[in-house]
Amino acid sequence: MSRTPSDGVRWPDVVVATGGEVGAAITARDWSATPLGPVDGWPQSLRTALALCLHSPAPTVLWWGDPPTPLPNDAYLRLLDPERPAEVWPGDRDALGPLLADVRAGRSAGPTDVPVRRGRDDAGEDRWFTFTHLPVPDESGRIAGVLTVGAETTARVVAERRGGSPAARPQRSDRRRSTDRGELDAARAELRLLRARSEQALRRSEALARLAGALSSARSRDAIVEVMTTVAPAVMDAAALRVAIALPGRTVLDVAGAGASPERLPVDADVPLARAVRDNAVLPLPDDRDTGVCLPLRDGDGGALGALEVRWTGRTDDEARGSLLDAVTALCSQALQRAELTGSAQAMAGFAARLSVTRSTAEAIEVILDAATTAFGAELPGLAMRDEGRRVRLWYHDDVPGTLAATFHDLTIDDPRPIVRALHHGERILVRDRADFATRFPGLPDPVGRHGMVTTVALPLFGADRRPIAALGFGWRRERPLRDSDLALLDTVADLCEQTLERVRLAAAEHNLVTRLAGRLRSSSLIMPESLEVATRYRPAMSGLHLGGDWYDLVRQDGDRVAVVVGDVVGHQVEAAADMAQLRTVLNTLIRLGVPLEEVFLRLTELLGVGFLGTCLIVVVDPAARVAHVARAGHPHPVVLSAGQPPRTVQTANAMPLGMVDRPMTVTTVAFRPRDVLVAYTDGLVERRGRPYDEGVAALHRSLTAVRDEPVEAIADALLHDLAGSEDDQALVVLRHLG
């Protein structure tokens with residue numbers, strides 16, 4: 001096979017490279033004022049159908065849009081009268097409109113015989129062509145165009161006309177009848193040959209149209225490979241076809257064939273299919289009883305995406321096969337490149353989504369190492385950041401070999417290796433291969449190369465002041481030419497990582513500020529009685545300046561009685577914190593003044609009105625009487641854990657939230673014996689988006705059961721750890737009766 005496929009499949013380069021005179025004219029024309037609009041905006045279905053039309057060896061024209069715009073190929077134009085270049089439909093154009101309308105509406109439109117009066121054959125007859133009309137769907141499945149394919153049928157039409165009906169034939173001499181019979185037999189033989197060729201061309205055109213449509217519908221790489229192995233063989237009348245996919249930077253090829261199990265083939269294997277990818281060249285298969293060829297599938301920059309291995313039974317000199325191979329490889333290459341770009345976009349969207357929910361630097365680093373390289377198919381990611389003084393710390397995954405990781409211990413900021421240099425100087429370093437590394441870093445050890453990496457990248461990440469704050473490194477085990485689209489992806493990855501690291505850094509600073517301020521607002525100098533052990537916790541939400549409205553308070557009363565107060569004011573801004581401070585102060589005062597528990601929330605409403613919304617729980621613990629009195633204003637129920645029993649939720653009468661209480665409340669009294677544990681909390685501890693509230697309470701019970709015998713400080717820490725992940729503030733009080 002002497003023909004080679006085109007070197008590029010970018011649109012509209014493929015039209016210029018392989019579309020002949022018509023392709024050059026199409027790309028040179030300004031289509032903005034036409035119904036089709038600018039070329040850059042043409043849909044993929046139109047581009048694919050046009051590529052199919054231009055590659056067809058038969059006279060072919062694509063009609064697209066409404067009204068239909070004709071896009072013929074060179075073979076079609078050769079049928080036309082050169083003195084009338086605007087005329088693109090041979091014969092009676094008035095019949096074309098209804099015919100195309102029938103095809104686009106899904107109604108049958110059989111083959112049409114049309115005379116072409118651009119010269120006559122040797123007998124002085126008109127040349128005749130049969131045209132078949134195929135519907136072309138767009139991305140939505142609607143019939144948007146019609147592909148018209150022609151085949152010359154002059155011999156058949158002439159023979160049929162000469163044959164006529166027996167009754168109508170004039171009487172001729174025996175000698176003349178013998179001559180006519182010989183001519184008729186010769187015409188019929190030529191007709192059979194032309195009909196066979198016509199049917200073959202039509203079959204190929206229809207199969208090519210099916211291939212183009214199926215490739216346009218396939219979304220994933222696996223779906224495209226399945227289309228290639230099941231539909232493409234019929235286009236080329238191939239006895240067998242295999243597809244090898246070369247994922248970027250990988251050292252093995254994924255090979256698939258119709259009816260065969262997928263296999264892995266090393267890129268450096270000494271077989272034509274692997275060499276076609278490795279050398280990016282067309283290679284014939286070894287001579288045997290069959291003929292075959294391996295053709296590379298190329299991206300828009302000419303790099304190998306994979307290869308096709310095609311075999312035919314027996315020898316053949318079909319000249320049309322070369323054009324078919326060009327068309328098939330171009331269509332398959334376009335589909336694979338589309339799948340690669342789609343996969344990269346999906347990977348980047350997933351990466352961005354995962355980064356958006358990180359709450360700390362540690363979480364951000366974990367996501368970056370886990371997902372930043374997915375869009376590139378790269379391996380062994382590492383993230384370098386400055387540590388104390390001049391030291392540099394490198395984070396990496398557990399799958400990094402220990403011998404490789406050991407070479408990056410004890411790094412300092414002046415280390416000459418690429419990832420530290422990127423961190424120190426803010427320089428993006430792309431190393432094409434290990435020879436390039438040796439040239440650019442003479443005398444420097446290359447542990448990354450010794451562990452199989454060929455192409456490597458060190459990507460600096462900048463803070464808001466445009467100073468480098470980190471560097472991301474990764475690589476591939478096979479040389480990976482980095483195209484412009486890859487460099488754009490690198491920039492996108494860097495932007496996402498920079499924004500996330502800056503966000504979590506600011507959040508951490510704000511969190512520290514809020515925690516210190518919250519501690520001042522919520523701290524108590526209360527000296528607890530010896531019969532009670534208490535632990536308190538407050539954890540603000542981690543997004544924004546969440547100086548929230550959750551609070552706790554402990555108020556000592558006469559004897560050893562202690563009032564535990566836990567509340568929540570709606571909101572997460574400074575206003576909510578101000579409301580919280582006001583409520584906390586008023587409630588503390590009412591409790592200290594000895595206001596009966598059932599009247600505390602009513603008095604609060606009388607004093608402050610209804611200008612706020614929140615919930616509150618007051619539990620007055622009396623260790624001497626071994627009871628606890630509970631008043632609840634719309635707040636989560638407390639939990640009591642008694643010795644030898646499962647945790648139980650303290651049920652109380654329904655009550656309105658703060659600011660809406662207009663009558664004395666019912667007080668619930670429960671037993672609180674030695675070794676019992678009481679837990680009071682705000683809803684941020686158990687409430688999660690997308691999860692029923694009762695499931696959160698059940699999780700609290702399970703966590704509490706697991707640490708029931710621990711000190712209250714350990715219990716509080718365990719609850720916050722086990723019930724992490726809240727988007728809200730969390731306040732918690734854990735109290736134990738020591739006896």
# chains A, B, ... in the order shown; residues from 1 in each chain; ligands from 1

call {"tool": "residues_around", "arguments": {"residues": "Leu489 in chain A", "least_positions_apart": "6", "cutoff": "9 Å", "atoms": "only C-alpha atoms", "output": "number ranges by chain"}}
result
A: 344, 348, 375-376

call {"tool": "residues_around", "arguments": {"residues": "Val621 in chain A", "least_positions_apart": "4", "cutoff": "7 Å", "atoms": "only C-alpha atoms", "output": "PyMOL selection string"}}
result
chain A and resi 561-563+627-629

call {"tool": "residues_around", "arguments": {"residues": "Asp222 in chain A", "least_positions_apart": "6", "cutoff": "10 Å", "atoms": "only C-alpha atoms", "output": "list in words"}}
result
Met228, Ile245, Ala256, Leu336 and Ala339 of chain A

call {"tool": "write_last_selection", "arguments": {"atoms": "C-alpha atoms", "output": "PDB file, in the first residue's frame"}}
result
ATOM      1  CA  MET A 228     -13.911   1.150  14.822  1.00  0.00           C
ATOM      2  CA  ILE A 245      -4.667   2.982  21.427  1.00  0.00           C
ATOM      3  CA  ALA A 256      -8.795  -4.445  20.536  1.00  0.00           C
ATOM      4  CA  LEU A 336     -10.191   9.720  19.238  1.00  0.00           C
ATOM      5  CA  ALA A 339     -12.579  11.664  23.148  1.00  0.00           C
TER       6      ALA A 339
END

call {"tool": "residues_around", "arguments": {"residues": "Ala535 in chain A", "least_positions_apart": "4", "cutoff": "8 Å", "atoms": "only C-alpha atoms", "output": "number ranges by chain"}}
result
A: 712-713, 716, 733-735
